[in-house]
Amino acid sequence: MVLLHDDADDILQNTLLKAWTGLPSFRWQSQLFTWLYRIATNEVLTFLKKSKSLQQVPMEDRLDTDPQLFNGDDMQKALQKAILNLPPKQRLVFNMRYFDEIKYEDMSRILGTSQGALKASYHHAASKIQEMLKEILL
Amino acid sequence: MSEKTLHNPHLKENPFKVPSGYFQQVEARWANGEVPDQVRSDPGKGRRFIRLLRPQLQLAAAFVMLFGIGYLLLLITGRNETRQMQTEELSVLSEWSSLGLDHRDVSNLILENLFEEDQMTPVVDPDVEDLIDYMDYPGFDPVNLALSTNNE
């Protein structure tokens, strides 16, 4: 979801901090994994919302300019650039389903969205990515 | 490019990398207690104490409100009663003053009335027959009773 390691660090630290402070209020009615994932996704979305206005260098340009960051081939780079162009929530759904292969049922619990909406969101994102990949790679 | 591009398993591989020893540095940074600005400036943290106390505060506020409403009601009705009593007293006093009476006369009048009431209670000597009927219990012997007592 975020490209820079420092950003990922901050998000992870915030997530763990919130999980630690919120653990006494955790009722064990849901899985710990789901709960932690939910905190993390909320943190990521909040971070992206905040950092949107502060970004000076577009994220997709960093894939080309930062050798410490990216190690993939052109196809993988094109895919990542296409993903970065998705809206944050759609990007989240796509990453969770495509890379982490999380079930829609679990995604529904994590994101608090219906499975139907998630499926629609994923297929919409996938078709958009296909279109963008065509443009980038041609 | 085919429609099945996304089905390519190669694309699912993680293309990102981290500098060597990066995660060790992260742990070291966290161990040193360095907190990112985002965490430090989190507006929710300052309100955590209030958030924790919110249910208790709400309960206390509800009690205070109920007591306040009750007190106000008592105050209002009490004032009305006092006002009513004062008005009644004043009307009675004005009535008495129109008759040329003051509070001493009134108290004397009340005392006299009470005395008169006591005087008006008739004192009647009991009938002997009634007394005997009243005292007629098993084993009662009026003759022996008269002999054994010194009544004249």
# chains A, B, ... in the order shown; residues from 1 in each chain; ligands from 1
>>> interface_residues(of="chain A", to="chain B", cutoff="9 Å", atoms="only C-alpha atoms", output="PyMOL selection string")
chain A and resi 3+5+9-10+13-14+17+47+68-73+75-77+79+98-99+126-127+129-130+133-134+137-138
>>> residues_around(residues="Val93 in chain A", least_positions_apart="5", cutoff="10 Å", atoms="only C-alpha atoms", output="count of residues only")
12
>>> residues_around(residues="range 34-43 of chain A", least_positions_apart="5", cutoff="9 Å", atoms="only C-alpha atoms", output="ChimeraX atom specification")
/A:11-12,14-16,18-19,26,48,92,106-107,109-112
>>> atom_distance(atom1="CA of Lys103 in chain A", atom2="CA of Leu84 in chain A")
22.3 Å
>>> closest_residue(among="A:Gln90, A:Gln29, A:Leu23, A:Val44", to="Ala120 in chain A", atoms="only C-alpha atoms")
A:Gln90
>>> atom_distance(atom1="CA of His124 in chain A", atom2="CA of Ile136 in chain A")
18.4 Å
>>> select_by_dssp(residues="range 27-104 of chain A", states="alpha helix (DSSP H)", output="ChimeraX atom specification")
/A:32-52,59-65,74-84,88-98,104
>>> residues_around(residues="Asn85 in chain A", least_positions_apart="2", cutoff="10 Å", atoms="only C-alpha atoms", output="JSON, numbers by chain")
{"A": [59, 60, 80, 81, 82, 83, 87, 88, 90, 91, 128, 129, 132]}
